[in-house]
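Student: Please find one structure pasted underneath; my questions will follow.
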Amino acid sequence: MTIVRFLSANGDVLSEVEAAPGARLLDVAQADGQPLEGTCEGQMACSTCHVILEAEDFAKLPRASEEEEDMLDLAMHATRTSRLSCQIWLTEEMESISVRVPPGAHNMQGR
Ligand code: FES
């Protein structure tokens with residue numbers, strides 16, 4: 001199992017869940033009630049599934065595709081360790097992954 005930790009903007013752990021390898025991070029987040037809309041259901045057309053990873057977890061992931069990078073360019077509050085959670089599948093090797101939901105994730109006027 002992989003441990004997925006959801007962090008607040010200032011790094012507090014909001015919740016911690018276990019997920020099976022092969023699970024998609026967006027699905028795990030939604031099942032846990034995190035405010036990620038995932039409007040396009042993984043078609044890389046919306047960026048409402050944008051999350052920010054801790055640097056060491058970002059390094060565990062395969063590189064983002066060009067389509068994902070292009071979509072991240074449009075995401076609010078994107079950072080160097082931003083990813084689209086619909087493009088992240090958990091693996092046994094990850095062991096744990098810490099994820100921040102960006103500010104204003106479900107509030108379009110959020111800053
Ligand atoms: Fe739309 Fe991920 S769900 S880009």
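Residues are referred to by chain and number: the chain letter is A, B, ... according to the order shown in the structure tokens, the number counts from 1 in that chain, and ligands are numbered separately from 1 in the order shown.
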Output the neighbourhood of ligand 1 as number ranges by chain, that is, all protein and nucleic acid residues with some atom at most 6 Å from the ligand, counting only C-alpha atoms and all ligand atoms.

Tutor: A: 38-49, 84, 86

Student: Please return, as a ChimeraX atom specification, all residues of chain A that DSSP assigns to strand (DSSP E or B) on the basis of the backbone.

Tutor: /A:2-7,13-19,24,50-53,82-84,89,96-100

Student: Got a sec: who's within 9 Å of A:Val101, counting only C-alpha atoms, leaving out chain neighbours fewer than 6 positions off, as a PyMOL selection string?

Tutor: chain A and resi 6-9+34-36+49-53

Student: Keeping only N, CA and C atoms, write the selected residues to a file as a PDB file, in the first residue's frame.

Tutor:
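For reference, out20.pdb as written:
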ATOM      1  N   PHE A   6      -2.372  14.295   2.593  1.00  0.00           N
ATOM      2  CA  PHE A   6      -2.823  15.568   2.046  1.00  0.00           C
ATOM      3  C   PHE A   6      -2.449  16.667   3.024  1.00  0.00           C
ATOM      4  N   LEU A   7      -1.758  17.681   2.507  1.00  0.00           N
ATOM      5  CA  LEU A   7      -1.237  18.757   3.357  1.00  0.00           C
ATOM      6  C   LEU A   7      -1.962  20.064   3.064  1.00  0.00           C
ATOM      7  N   SER A   8      -2.053  20.900   4.094  1.00  0.00           N
ATOM      8  CA  SER A   8      -2.587  22.245   3.880  1.00  0.00           C
ATOM      9  C   SER A   8      -1.476  23.113   3.294  1.00  0.00           C
ATOM     10  N   ALA A   9      -1.816  24.331   2.909  1.00  0.00           N
ATOM     11  CA  ALA A   9      -0.830  25.221   2.282  1.00  0.00           C
ATOM     12  C   ALA A   9       0.373  25.440   3.200  1.00  0.00           C
ATOM     13  N   GLN A  34     -11.085  15.565  -0.866  1.00  0.00           N
ATOM     14  CA  GLN A  34     -10.272  16.747  -1.177  1.00  0.00           C
ATOM     15  C   GLN A  34     -10.939  17.530  -2.320  1.00  0.00           C
ATOM     16  N   PRO A  35     -10.825  18.856  -2.286  1.00  0.00           N
ATOM     17  CA  PRO A  35     -11.559  19.681  -3.250  1.00  0.00           C
ATOM     18  C   PRO A  35     -10.887  19.761  -4.630  1.00  0.00           C
ATOM     19  N   LEU A  36     -10.776  18.624  -5.286  1.00  0.00           N
ATOM     20  CA  LEU A  36     -10.225  18.600  -6.643  1.00  0.00           C
ATOM     21  C   LEU A  36     -11.351  18.198  -7.578  1.00  0.00           C
ATOM     22  N   CYS A  49      -7.434  19.427 -11.470  1.00  0.00           N
ATOM     23  CA  CYS A  49      -6.909  18.343 -10.640  1.00  0.00           C
ATOM     24  C   CYS A  49      -5.468  18.637 -10.239  1.00  0.00           C
ATOM     25  N   HIS A  50      -5.037  19.890 -10.416  1.00  0.00           N
ATOM     26  CA  HIS A  50      -3.657  20.294 -10.118  1.00  0.00           C
ATOM     27  C   HIS A  50      -3.325  20.121  -8.636  1.00  0.00           C
ATOM     28  N   VAL A  51      -2.190  19.502  -8.377  1.00  0.00           N
ATOM     29  CA  VAL A  51      -1.686  19.388  -7.002  1.00  0.00           C
ATOM     30  C   VAL A  51      -0.209  19.766  -6.983  1.00  0.00           C
ATOM     31  N   ILE A  52       0.264  20.081  -5.792  1.00  0.00           N
ATOM     32  CA  ILE A  52       1.674  20.425  -5.611  1.00  0.00           C
ATOM     33  C   ILE A  52       2.296  19.350  -4.719  1.00  0.00           C
ATOM     34  N   LEU A  53       3.391  18.792  -5.186  1.00  0.00           N
ATOM     35  CA  LEU A  53       4.026  17.694  -4.449  1.00  0.00           C
ATOM     36  C   LEU A  53       5.241  18.191  -3.686  1.00  0.00           C
TER      37      LEU A  53
END

Student: What's the separation between atom CA of A:Ala75 and atom CA of A:Gln87, in Å to one decimal place?

Tutor: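 Answer for the atom CA of A:Ala75 to atom CA of A:Gln87 separation: 14.6 Å.
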
Student: Nearest residue to A:Thr81 out of A:Glu54, A:Glu69, A:Asp32, A:Arg100, using only C-alpha atoms?

Tutor: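 That would be A:Glu54, the residue with the smallest distance to A:Thr81.
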
Student: Would you kindly return, as a list of chain:residue names, each protein, DNA or RNA residue with an atom no farther than 10 Å from any atom of A:Glu93, considering only C-alpha atoms and excluding same-chain residues fewer than 4 positions away?

Tutor: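 So the residues in contact are A:Met1, A:Thr2, A:Pro21, A:Lys60.
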
Student: Point out the residue among A:Ile88, A:Val99, A:Ala59, A:Met71 with the least atom-to-atom distance to A:Leu25, counting only C-alpha atoms.

Tutor: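 Distance minimum relative to A:Leu25 lands on A:Ile88.
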
Student: Among chain A, which ones does DSSP assign to helix (DSSP H, G or I) (computed from the backbone)? Answer as a compact mmCIF listing (two decimals) with N, CA, C and O atoms, in the first residue's frame.

Tutor:
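And here's selection_27.txt as it stands now:
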# COMPACT_ATOMS: atom_id res chain seq x y z
N LEU A 25 -4.06 9.10 -8.40
CA LEU A 25 -4.06 10.06 -7.30
C LEU A 25 -5.34 10.91 -7.26
O LEU A 25 -5.87 11.17 -6.19
N LEU A 26 -5.84 11.30 -8.42
CA LEU A 26 -7.08 12.09 -8.43
C LEU A 26 -8.23 11.33 -7.76
O LEU A 26 -8.98 11.90 -6.97
N ASP A 27 -8.35 10.03 -8.05
CA ASP A 27 -9.43 9.24 -7.46
C ASP A 27 -9.26 9.11 -5.95
O ASP A 27 -10.24 9.17 -5.20
N VAL A 28 -8.01 8.93 -5.53
CA VAL A 28 -7.75 8.80 -4.10
C VAL A 28 -8.12 10.11 -3.39
O VAL A 28 -8.76 10.12 -2.34
N ALA A 29 -7.75 11.22 -4.01
CA ALA A 29 -8.05 12.53 -3.41
C ALA A 29 -9.54 12.77 -3.32
O ALA A 29 -10.06 13.23 -2.30
N GLN A 30 -10.25 12.44 -4.39
CA GLN A 30 -11.71 12.67 -4.39
C GLN A 30 -12.39 11.77 -3.38
O GLN A 30 -13.30 12.19 -2.67
N ALA A 31 -11.93 10.51 -3.27
CA ALA A 31 -12.53 9.59 -2.31
C ALA A 31 -12.33 10.10 -0.89
O ALA A 31 -13.13 9.83 0.00
N ALA A 55 9.12 18.02 -2.90
CA ALA A 55 10.17 17.83 -3.91
C ALA A 55 10.61 16.37 -4.01
O ALA A 55 10.82 15.84 -5.09
N GLU A 56 10.75 15.71 -2.85
CA GLU A 56 11.27 14.32 -2.91
C GLU A 56 10.23 13.38 -3.52
O GLU A 56 10.59 12.37 -4.14
N ASP A 57 8.97 13.71 -3.40
CA ASP A 57 7.93 12.87 -4.01
C ASP A 57 7.83 13.16 -5.51
O ASP A 57 7.62 12.25 -6.31
N PHE A 58 8.00 14.41 -5.86
CA PHE A 58 7.98 14.79 -7.28
C PHE A 58 9.05 13.99 -8.03
O PHE A 58 8.81 13.49 -9.13
N GLU A 66 4.27 16.26 -22.43
CA GLU A 66 4.19 17.63 -22.93
C GLU A 66 2.78 18.21 -22.74
O GLU A 66 2.62 19.37 -22.38
N GLU A 67 1.77 17.36 -22.97
CA GLU A 67 0.39 17.83 -22.79
C GLU A 67 0.14 18.24 -21.35
O GLU A 67 -0.51 19.24 -21.07
N GLU A 68 0.69 17.45 -20.43
CA GLU A 68 0.49 17.78 -19.01
C GLU A 68 1.21 19.10 -18.68
O GLU A 68 0.65 19.96 -18.01
N GLU A 69 2.44 19.25 -19.18
CA GLU A 69 3.19 20.49 -18.93
C GLU A 69 2.41 21.70 -19.45
O GLU A 69 2.34 22.73 -18.79
N ASP A 70 1.84 21.55 -20.65
CA ASP A 70 1.10 22.67 -21.23
C ASP A 70 -0.08 23.05 -20.36
O ASP A 70 -0.39 24.22 -20.16
N MET A 71 -0.76 22.05 -19.83
CA MET A 71 -1.93 22.31 -18.99
C MET A 71 -1.49 22.94 -17.67
O MET A 71 -2.14 23.83 -17.15
N LEU A 72 -0.36 22.49 -17.14
CA LEU A 72 0.13 23.06 -15.88
C LEU A 72 0.51 24.53 -16.04
O LEU A 72 0.41 25.31 -15.10
N ASP A 73 0.94 24.90 -17.26
CA ASP A 73 1.26 26.31 -17.50
C ASP A 73 0.05 27.20 -17.27
O ASP A 73 0.18 28.38 -16.99
N LEU A 74 -1.14 26.62 -17.41
CA LEU A 74 -2.37 27.40 -17.26
C LEU A 74 -2.94 27.33 -15.84
O LEU A 74 -3.88 28.04 -15.51
N SER A 85 -3.08 15.61 -10.95
CA SER A 85 -3.26 14.36 -10.18
C SER A 85 -3.94 13.27 -11.02
O SER A 85 -3.87 12.10 -10.68
N CYS A 86 -4.58 13.64 -12.13
CA CYS A 86 -5.18 12.61 -12.99
C CYS A 86 -4.12 11.87 -13.78
O CYS A 86 -4.43 10.89 -14.46
N GLN A 87 -2.88 12.33 -13.73
CA GLN A 87 -1.80 11.68 -14.50
C GLN A 87 -0.82 10.95 -13.59
O GLN A 87 0.26 10.57 -14.00
N GLU A 92 3.93 0.72 -5.71
CA GLU A 92 4.42 0.16 -4.46
C GLU A 92 5.70 0.87 -4.02
O GLU A 92 5.90 1.17 -2.84
N GLU A 93 6.57 1.17 -4.98
CA GLU A 93 7.89 1.76 -4.66
C GLU A 93 7.78 3.15 -4.04
O GLU A 93 8.69 3.61 -3.38
N MET A 94 6.68 3.83 -4.30
CA MET A 94 6.56 5.20 -3.77
C MET A 94 6.52 5.22 -2.25
O MET A 94 6.95 6.17 -1.63

Student: Can you tell me how far atom CA of A:Ala64 sits from atom CA of A:Pro103, in Å to one decimal?

Tutor: 21.8 Å

Student: Can you pull out every residue within 7 Å of A:Trp89, counting only C-alpha atoms, but drop anything in the same chain fewer than 4 positions away, and send it as a PyMOL selection string?

Tutor: chain A and resi 22-25

Student: Take the residues from that selection and write them out as a CSV table (one decimal), in the first residue's frame, keeping N, CA and C atoms.

Tutor:
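The new file selection_22.csv reads:
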chain,number,residue,atom,x,y,z
A,22,GLY,N,-1.4,1.3,-8.3
A,22,GLY,CA,-2.3,1.3,-9.5
A,22,GLY,C,-3.4,2.3,-9.3
A,23,ALA,N,-3.7,2.8,-8.1
A,23,ALA,CA,-4.8,3.8,-8.0
A,23,ALA,C,-4.3,5.1,-8.5
A,24,ARG,N,-5.2,5.9,-9.0
A,24,ARG,CA,-4.9,7.2,-9.6
A,24,ARG,C,-5.0,8.2,-8.5
A,25,LEU,N,-4.1,9.1,-8.4
A,25,LEU,CA,-4.1,10.1,-7.3
A,25,LEU,C,-5.3,10.9,-7.3

Student: Rounded to one decimal in Å, what is the spacing between atom CA of A:Ile3 and atom CA of A:Ala78?

Tutor: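 Straight-line distance from atom CA of A:Ile3 to atom CA of A:Ala78 works out to 23.5 Å.
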
Student: Kindly indicate which residue among A:Arg83, A:Met76, A:Ala20, A:Leu14 lies nearest to A:Glu95, using only C-alpha atoms for the distances.

Tutor: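 Going through A:Arg83, A:Met76, A:Ala20, A:Leu14 one by one, the smallest distance to A:Glu95 is for A:Ala20.
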